[in-house]
>>> print(open('target22.cif').read())   # mmCIF, C-alpha atoms
data_coords
loop_
_atom_site.label_atom_id
_atom_site.label_comp_id
_atom_site.auth_asym_id
_atom_site.auth_seq_id
_atom_site.Cartn_x
_atom_site.Cartn_y
_atom_site.Cartn_z
CA MET A 1 6.65 -155.45 2.97
CA LYS A 2 3.24 -153.89 2.97
CA SER A 3 3.86 -152.16 6.27
CA VAL A 4 7.23 -150.85 5.05
CA SER A 5 5.57 -149.23 2.02
CA LYS A 6 2.98 -147.61 4.22
CA ILE A 7 5.68 -146.12 6.47
CA GLN A 8 7.62 -144.75 3.46
CA ALA A 9 4.44 -143.21 2.06
CA LYS A 10 3.75 -141.42 5.35
CA MET A 11 7.34 -140.12 5.52
CA LYS A 12 7.04 -138.77 1.96
CA VAL A 13 3.81 -136.95 2.77
CA GLY A 14 5.40 -135.47 5.93
CA TRP A 15 8.42 -134.22 4.03
CA PHE A 16 6.26 -132.44 1.45
CA SER A 17 4.15 -130.87 4.25
CA MET A 18 7.28 -129.54 6.02
CA LYS A 19 8.61 -128.12 2.72
CA LYS A 20 5.37 -126.23 2.15
CA THR A 21 5.50 -124.81 5.68
CA VAL A 22 9.11 -123.57 5.30
CA THR A 23 8.31 -122.03 1.90
CA ALA A 24 5.29 -120.24 3.38
CA LEU A 25 7.38 -118.86 6.25
CA ILE A 26 10.06 -117.55 3.85
CA LEU A 27 7.44 -115.86 1.69
CA LEU A 28 5.81 -114.32 4.77
CA GLY A 29 9.16 -112.93 5.91
CA VAL A 30 9.86 -111.36 2.51
CA VAL A 31 6.42 -109.72 2.34
CA THR A 32 6.67 -108.46 5.91
CA GLY A 33 10.17 -107.03 5.32
CA CYS A 34 9.04 -105.08 2.24
CA SER A 35 6.06 -103.53 3.98
CA THR A 36 7.92 -102.43 7.15
CA THR A 37 8.34 -98.63 7.34
CA SER A 38 11.96 -97.53 7.69
CA SER A 39 12.80 -95.54 10.80
CA ASP A 40 14.55 -93.01 8.54
CA ALA A 41 11.51 -92.41 6.37
CA PRO A 42 9.48 -89.27 7.14
CA SER A 43 6.22 -89.76 8.94
CA PRO A 44 3.16 -89.02 6.82
CA THR A 45 2.00 -86.55 9.46
CA ASN A 46 5.07 -84.41 8.78
CA ASN A 47 4.07 -83.81 5.16
CA THR A 48 0.32 -83.60 5.28
CA THR A 49 -2.28 -81.48 7.01
CA SER A 50 -5.49 -82.96 8.29
CA ALA A 51 -8.74 -81.79 6.79
CA THR A 52 -9.72 -80.11 10.05
CA GLU A 53 -6.34 -78.39 10.68
CA GLN A 54 -6.10 -74.74 9.50
CA PRO A 55 -2.82 -73.16 8.27
CA ALA A 56 -1.13 -70.84 10.76
CA ALA A 57 -2.32 -67.24 10.34
CA ASN A 58 0.18 -64.42 9.69
CA VAL A 59 1.09 -62.50 12.84
CA VAL A 60 -0.29 -58.96 12.54
CA THR A 61 1.64 -56.24 14.30
CA PRO A 62 -0.71 -53.99 16.32
CA GLU A 63 -1.08 -50.42 15.10
CA ALA A 64 1.57 -48.21 16.64
CA LYS A 65 0.24 -46.16 19.51
CA GLN A 66 -0.51 -42.46 19.15
CA PHE A 67 -0.15 -39.98 21.97
CA GLN A 68 -2.58 -37.18 22.70
CA LEU A 69 -0.80 -33.93 23.54
CA LYS A 70 -2.03 -32.45 26.80
CA TYR A 71 -1.04 -28.83 27.36
CA THR A 72 -1.11 -27.18 30.74
CA THR A 73 -0.58 -23.58 31.79
CA SER A 74 3.04 -23.08 32.70
CA LEU A 75 5.23 -20.03 32.96
CA THR A 76 3.99 -16.51 32.39
CA ALA A 77 5.71 -13.45 31.01
CA GLU A 78 7.20 -11.39 33.81
CA PRO A 79 7.82 -7.63 33.64
CA LEU A 80 11.45 -6.54 33.53
CA THR A 81 12.69 -4.39 36.38
CA LYS A 82 13.84 -0.88 35.56
CA ILE A 83 17.39 -0.04 36.66
CA ASN A 84 19.76 2.89 36.44
CA ALA A 85 21.79 3.22 33.28
CA VAL A 86 24.72 0.81 33.12
CA GLU A 87 28.05 2.55 33.58
CA GLN A 88 30.19 2.65 30.47
CA SER A 89 33.14 1.16 32.32
CA LYS A 90 31.17 -1.99 33.19
CA GLN A 91 29.88 -2.65 29.68
CA LEU A 92 31.27 -5.57 27.68
CA LYS A 93 29.18 -5.48 24.53
CA ARG A 94 26.33 -3.47 23.00
CA GLN A 95 24.06 -4.85 20.27
CA ALA A 96 21.19 -3.07 18.54
CA VAL A 97 18.09 -5.24 18.21
CA ASP A 98 14.81 -4.00 16.77
CA GLU A 99 13.94 -0.76 18.62
CA SER A 100 16.28 -1.48 21.50
CA LYS A 101 19.83 -2.32 22.52
CA VAL A 102 21.04 -5.26 24.57
CA LEU A 103 24.02 -4.54 26.83
CA THR A 104 26.20 -7.14 28.49
CA TYR A 105 28.17 -6.07 31.53
CA LYS A 106 29.79 -7.12 34.80
CA LYS A 107 29.18 -5.86 38.30
CA ASN A 108 32.01 -4.56 40.46
CA ASP A 109 31.17 -6.95 43.28
CA ASP A 110 30.59 -10.00 41.04
CA VAL A 111 33.18 -10.08 38.25
CA GLU A 112 32.74 -13.81 37.50
CA LYS A 113 29.21 -13.39 36.14
CA VAL A 114 27.96 -11.67 33.00
CA TYR A 115 24.67 -9.76 33.12
CA ALA A 116 22.43 -8.24 30.46
CA ALA A 117 20.31 -5.13 30.31
CA LEU A 118 17.79 -3.90 27.77
CA GLN A 119 18.00 -0.28 26.73
CA PHE A 120 14.52 0.70 25.55
CA LYS A 121 12.96 4.01 24.62
CA ASP A 122 11.63 4.61 28.12
CA GLY A 123 14.62 3.40 30.13
CA THR A 124 17.00 0.54 30.96
CA TYR A 125 15.76 -2.82 32.21
CA ASP A 126 17.54 -5.65 34.01
CA MET A 127 17.59 -9.07 32.25
CA GLY A 128 19.63 -10.85 34.92
CA GLN A 129 22.63 -13.12 34.50
CA ILE A 130 23.20 -14.50 31.01
CA GLY A 131 26.73 -15.88 31.29
CA TYR A 132 29.89 -16.26 33.31
CA GLU A 133 33.60 -15.52 33.07
CA GLY A 134 35.26 -17.31 30.17
CA ALA A 135 31.99 -18.33 28.50
CA ASN A 136 30.83 -15.84 25.92
CA ASP A 137 28.38 -18.16 24.20
CA TYR A 138 25.43 -15.78 24.27
CA SER A 139 23.58 -14.46 21.25
CA THR A 140 20.90 -11.87 20.58
CA SER A 141 18.36 -11.82 17.76
CA THR A 142 14.80 -10.92 16.80
CA VAL A 143 12.42 -13.85 16.34
CA ASP A 144 8.77 -14.28 15.41
CA VAL A 145 7.16 -16.87 17.65
CA LEU A 146 3.90 -17.40 19.56
CA GLY A 147 2.24 -14.97 17.16
CA GLN A 148 4.42 -11.95 17.85
CA SER A 149 7.96 -10.55 17.73
CA TYR A 150 10.47 -11.06 20.53
CA VAL A 151 14.02 -10.08 21.30
CA LYS A 152 15.69 -13.40 22.07
CA VAL A 153 18.81 -13.64 24.21
CA SER A 154 20.31 -17.14 24.42
CA SER A 155 23.15 -18.05 26.73
CA SER A 156 24.22 -20.33 29.57
CA VAL A 157 24.84 -19.66 33.23
CA GLY A 158 26.91 -22.76 33.90
CA ALA A 159 27.79 -26.20 32.59
CA ASN A 160 24.62 -27.78 31.16
CA ALA A 161 22.62 -24.74 32.25
CA PRO A 162 21.33 -23.03 29.08
CA ILE A 163 18.80 -20.20 29.22
CA SER A 164 16.62 -18.49 26.64
CA ASN A 165 15.01 -15.13 27.32
CA TYR A 166 12.17 -13.97 25.06
CA VAL A 167 11.60 -10.25 25.61
CA SER A 168 8.41 -8.63 24.33
CA LEU A 169 8.68 -4.96 23.46
CA SER A 170 4.94 -4.61 22.86
CA THR A 171 4.21 -3.95 26.53
CA SER A 172 5.30 -1.30 28.98
CA PRO A 173 7.37 -2.27 30.80
CA PRO A 174 8.79 -4.98 28.52
CA THR A 175 8.11 -8.55 29.66
CA VAL A 176 10.27 -11.66 29.45
CA LEU A 177 9.62 -15.38 29.06
CA HIS A 178 12.53 -17.08 30.83
CA ILE A 179 13.10 -20.69 29.74
CA GLU A 180 15.99 -22.74 31.12
CA ALA A 181 16.73 -24.84 28.04
CA HIS A 182 18.07 -24.73 24.48
CA THR A 183 15.23 -23.44 22.32
CA VAL A 184 14.25 -23.20 18.66
CA GLU A 185 11.20 -21.63 17.05
CA ALA A 186 9.22 -23.87 14.70
CA ASP A 187 5.65 -24.54 13.57
CA VAL A 188 5.63 -28.11 14.86
CA ASP A 189 1.83 -28.57 14.74
CA GLN A 190 1.36 -26.98 11.30
CA ASP A 191 -1.12 -24.34 12.50
CA GLY A 192 0.69 -21.42 10.86
CA ILE A 193 2.15 -20.08 14.14
CA LYS A 194 5.61 -20.97 15.42
CA GLU A 195 5.93 -22.63 18.80
CA ILE A 196 8.94 -22.72 21.14
CA VAL A 197 10.61 -26.14 21.31
CA ALA A 198 12.81 -26.42 24.40
CA THR A 199 15.32 -29.22 25.04
CA ILE A 200 17.61 -29.81 28.00
CA GLY A 201 19.70 -32.57 29.54
CA THR A 202 22.12 -35.24 28.33
CA ALA A 203 19.15 -37.63 28.21
CA ALA A 204 17.20 -35.08 26.20
CA GLU A 205 13.96 -33.79 27.69
CA THR A 206 11.82 -31.78 25.29
CA SER A 207 8.83 -29.49 25.83
CA ILE A 208 6.63 -27.44 23.52
CA TYR A 209 5.37 -23.96 24.43
CA LYS A 210 2.45 -22.44 22.55
CA MET A 211 -0.35 -19.93 22.96
CA ASP A 212 -3.87 -21.09 23.77
CA LYS A 213 -5.92 -17.94 23.31
CA GLU A 214 -4.24 -15.50 25.71
CA TYR A 215 -2.51 -18.15 27.82
CA LEU A 216 0.92 -19.68 27.38
CA VAL A 217 0.70 -23.47 27.73
CA SER A 218 3.26 -26.24 27.49
CA ALA A 219 3.54 -30.01 27.10
CA ASN A 220 6.46 -32.16 28.23
CA LEU A 221 6.84 -34.78 25.49
CA ASN A 222 8.85 -37.18 27.66
CA LYS A 223 5.93 -37.38 30.09
CA VAL A 224 3.33 -37.57 27.33
CA MET A 225 5.14 -40.48 25.64
CA ASN A 226 6.68 -41.98 28.79
CA ALA A 227 9.96 -41.78 26.88
CA ALA A 228 13.46 -41.70 28.33
CA ILE A 229 14.70 -39.44 25.51
CA VAL A 230 12.91 -37.01 23.19
CA MET A 231 14.81 -34.84 20.69
CA TYR A 232 13.59 -32.38 18.06
CA ASP A 233 14.92 -32.57 14.49
CA GLN A 234 14.59 -29.08 13.07
CA GLU A 235 15.44 -30.12 9.51
CA SER A 236 12.56 -32.61 9.22
CA ASN A 237 10.30 -30.89 11.80
CA THR A 238 9.87 -34.22 13.62
CA PHE A 239 10.75 -35.75 16.96
CA LYS A 240 12.93 -38.74 17.80
CA ALA A 241 12.00 -40.60 20.96
CA GLU A 242 13.05 -43.64 22.96
CA VAL A 243 9.58 -44.99 23.67
CA THR A 244 10.89 -48.56 23.69
CA LYS A 245 14.12 -49.12 25.63
CA ASP A 246 17.24 -48.75 23.45
CA GLU A 247 15.13 -48.10 20.33
CA MET A 248 14.65 -44.67 18.74
CA SER A 249 11.50 -43.99 16.73
CA GLN A 250 10.39 -40.94 14.74
CA TRP A 251 7.21 -38.95 15.40
CA LYS A 252 5.31 -35.98 14.02
CA ILE A 253 2.46 -33.86 15.35
CA GLU A 254 -0.97 -34.05 13.68
CA ASP A 255 -4.17 -32.72 15.22
CA ASP A 256 -2.56 -32.37 18.65
CA GLN A 257 -1.36 -35.97 18.55
CA LEU A 258 2.11 -37.46 18.31
CA VAL A 259 1.89 -39.88 15.39
CA PRO A 260 4.60 -42.47 14.57
CA ILE A 261 6.40 -42.19 11.24
CA PRO A 262 6.98 -45.63 9.63
#
>>> encode(input="target22.cif", output="structure tokens")
Amino acid sequence: MKSVSKIQAKMKVGWFSMKKTVTALILLGVVTGCSTTSSDAPSPTNNTTSATEQPAANVVTPEAKQFQLKYTTSLTAEPLTKINAVEQSKQLKRQAVDESKVLTYKKNDDVEKVYAALQFKDGTYDMGQIGYEGANDYSTSTVDVLGQSYVKVSSSVGANAPISNYVSLSTSPPTVLHIEAHTVEADVDQDGIKEIVATIGTAAETSIYKMDKEYLVSANLNKVMNAAIVMYDQESNTFKAEVTKDEMSQWKIEDDQLVPIP
């Protein structure tokens, strides 16, 4: 009997020991399950910045580039050639301008072209071709530009072939500045004297003509800006240019520099 009691006592102690072990394992599982981070929960590194990490700085756009205008000597005024008086039968139109008259006429051996002549106080001078048959888009006016007065004759001698003749009557014989482009007179550099702004081409190419002391100089803005297109806006006295491909930007002239307009 004594040995049976001892065996039962050992079995009872073993059962209680096993129960404690199971209970401990269950509790450990519960604690471990509560402390496990969910895969859906955001990582702490996504919401905090380390003490040594600096916030990203704002990206600063570099200052837009300015372009220095570089003028070079270009065309010069050429004296007009004196001719015999134009026959009345050949004349198309006569227009009084300043102290002179501008005649348009045709030649017997070249009826498809229109020519011009300047009738001045000391004779008649040839101005060359200013148009062609069926295109009477020429005009004559007096303009103040480059610091003096000119008789301006604008026309075209073919498709996409405009010309502008600036005739000075202050010399003898009269002289002409012949520019193959559409031109306007404007004080683009704000120096008090109007310059000649000349534009030509479907992809507009624009140049400025001005006086530097006694010399006529010019600057091609397309080359200065390395721009595919440069156009002059007479209303705002500014230039529009394609400096960046497929993007037009606006520019003005200050101190012989092309400066971007925001």
>>> closest_residue(input="target22.cif", among="A:Val114, A:Val97, A:Val259, A:Ile179", to="Ser149 of chain A", atoms="all atoms listed in the file")
A:Val97
>>> resolve_selection(input="target22.cif", expression="the PyMOL selection byres ((chain A and resi 150) around 6)", output="PDB file with C-alpha atoms, keeping the file's coordinate frame")
ATOM      1  CA  THR A 142      14.800 -10.920  16.800  1.00  0.00           C
ATOM      2  CA  VAL A 143      12.420 -13.850  16.340  1.00  0.00           C
ATOM      3  CA  SER A 149       7.960 -10.550  17.730  1.00  0.00           C
ATOM      4  CA  VAL A 151      14.020 -10.080  21.300  1.00  0.00           C
ATOM      5  CA  LYS A 152      15.690 -13.400  22.070  1.00  0.00           C
ATOM      6  CA  TYR A 166      12.170 -13.970  25.060  1.00  0.00           C
ATOM      7  CA  VAL A 167      11.600 -10.250  25.610  1.00  0.00           C
ATOM      8  CA  SER A 168       8.410  -8.630  24.330  1.00  0.00           C
TER       9      SER A 168
END
>>> residues_around(input="target22.cif", residues="segment 195-211 of chain A", least_positions_apart="2", cutoff="9 Å", atoms="only C-alpha atoms", output="PyMOL selection string")
chain A and resi 71+74+145-147+160-162+179-189+193+213-222+227-232
>>> atom_distance(input="target22.cif", atom1="atom CA of Pro260 of chain A", atom2="atom CA of Thr72 of chain A")
23.0 Å
>>> residues_around(input="target22.cif", residues="Gln91 of chain A", least_positions_apart="5", cutoff="12 Å", atoms="only C-alpha atoms", output="list in words")
Ala85, Val86, Val102, Leu103, Thr104, Tyr105, Lys106, Lys107, Asn108, Val111, Val114, Tyr115, Ala116 and Ala117 of chain A
>>> closest_residue(input="target22.cif", among="A:Glu112, A:Glu78, A:Glu133, A:Asp256", to="Val224 of chain A", atoms="all atoms listed in the file")
A:Asp256
>>> closest_residue(input="target22.cif", among="A:Phe120, A:Trp251, A:Tyr125, A:Tyr138", to="Phe67 of chain A", atoms="all atoms listed in the file")
A:Trp251
>>> closest_residue(input="target22.cif", among="A:Lys240, A:Lys223, A:Arg94, A:Lys245", to="Ile261 of chain A", atoms="all atoms listed in the file")
A:Lys240
>>> resolve_selection(input="target22.cif", expression="the PyMOL selection byres ((chain A and resi 174) around 12)", output="PDB file with C-alpha atoms, keeping the file's coordinate frame")
ATOM      1  CA  ALA A  77       5.710 -13.450  31.010  1.00  0.00           C
ATOM      2  CA  GLU A  78       7.200 -11.390  33.810  1.00  0.00           C
ATOM      3  CA  PRO A  79       7.820  -7.630  33.640  1.00  0.00           C
ATOM      4  CA  LEU A  80      11.450  -6.540  33.530  1.00  0.00           C
ATOM      5  CA  THR A  81      12.690  -4.390  36.380  1.00  0.00           C
ATOM      6  CA  LYS A  82      13.840  -0.880  35.560  1.00  0.00           C
ATOM      7  CA  GLU A  99      13.940  -0.760  18.620  1.00  0.00           C
ATOM      8  CA  SER A 100      16.280  -1.480  21.500  1.00  0.00           C
ATOM      9  CA  ALA A 117      20.310  -5.130  30.310  1.00  0.00           C
ATOM     10  CA  LEU A 118      17.790  -3.900  27.770  1.00  0.00           C
ATOM     11  CA  GLN A 119      18.000  -0.280  26.730  1.00  0.00           C
ATOM     12  CA  PHE A 120      14.520   0.700  25.550  1.00  0.00           C
ATOM     13  CA  LYS A 121      12.960   4.010  24.620  1.00  0.00           C
ATOM     14  CA  ASP A 122      11.630   4.610  28.120  1.00  0.00           C
ATOM     15  CA  GLY A 123      14.620   3.400  30.130  1.00  0.00           C
ATOM     16  CA  THR A 124      17.000   0.540  30.960  1.00  0.00           C
ATOM     17  CA  TYR A 125      15.760  -2.820  32.210  1.00  0.00           C
ATOM     18  CA  ASP A 126      17.540  -5.650  34.010  1.00  0.00           C
ATOM     19  CA  MET A 127      17.590  -9.070  32.250  1.00  0.00           C
ATOM     20  CA  TYR A 150      10.470 -11.060  20.530  1.00  0.00           C
ATOM     21  CA  VAL A 151      14.020 -10.080  21.300  1.00  0.00           C
ATOM     22  CA  ASN A 165      15.010 -15.130  27.320  1.00  0.00           C
ATOM     23  CA  TYR A 166      12.170 -13.970  25.060  1.00  0.00           C
ATOM     24  CA  VAL A 167      11.600 -10.250  25.610  1.00  0.00           C
ATOM     25  CA  SER A 168       8.410  -8.630  24.330  1.00  0.00           C
ATOM     26  CA  LEU A 169       8.680  -4.960  23.460  1.00  0.00           C
ATOM     27  CA  SER A 170       4.940  -4.610  22.860  1.00  0.00           C
ATOM     28  CA  THR A 171       4.210  -3.950  26.530  1.00  0.00           C
ATOM     29  CA  SER A 172       5.300  -1.300  28.980  1.00  0.00           C
ATOM     30  CA  PRO A 173       7.370  -2.270  30.800  1.00  0.00           C
ATOM     31  CA  THR A 175       8.110  -8.550  29.660  1.00  0.00           C
ATOM     32  CA  VAL A 176      10.270 -11.660  29.450  1.00  0.00           C
ATOM     33  CA  LEU A 177       9.620 -15.380  29.060  1.00  0.00           C
TER      34      LEU A 177
END
>>> closest_residue(input="target22.cif", among="A:Ile163, A:Glu254, A:Gln148, A:Asp212", to="Thr73 of chain A", atoms="all atoms listed in the file")
A:Asp212
>>> atom_distance(input="target22.cif", atom1="atom CA of Lys113 of chain A", atom2="atom CA of Ser139 of chain A")
16.0 Å
>>> residues_near_point(input="target22.cif", point="(21.1, -15.9, 28.7)", cutoff="7 Å", atoms="all atoms listed in the file", output="number ranges by chain")
A: 129-131, 138, 153-157, 163-165
>>> atom_distance(input="target22.cif", atom1="atom CA of Gln190 of chain A", atom2="atom CA of Gln234 of chain A")
13.5 Å
>>> closest_residue(input="target22.cif", among="A:Asn84, A:Lys70, A:Ser141, A:Glu242", to="Asp98 of chain A", atoms="all atoms listed in the file")
A:Ser141
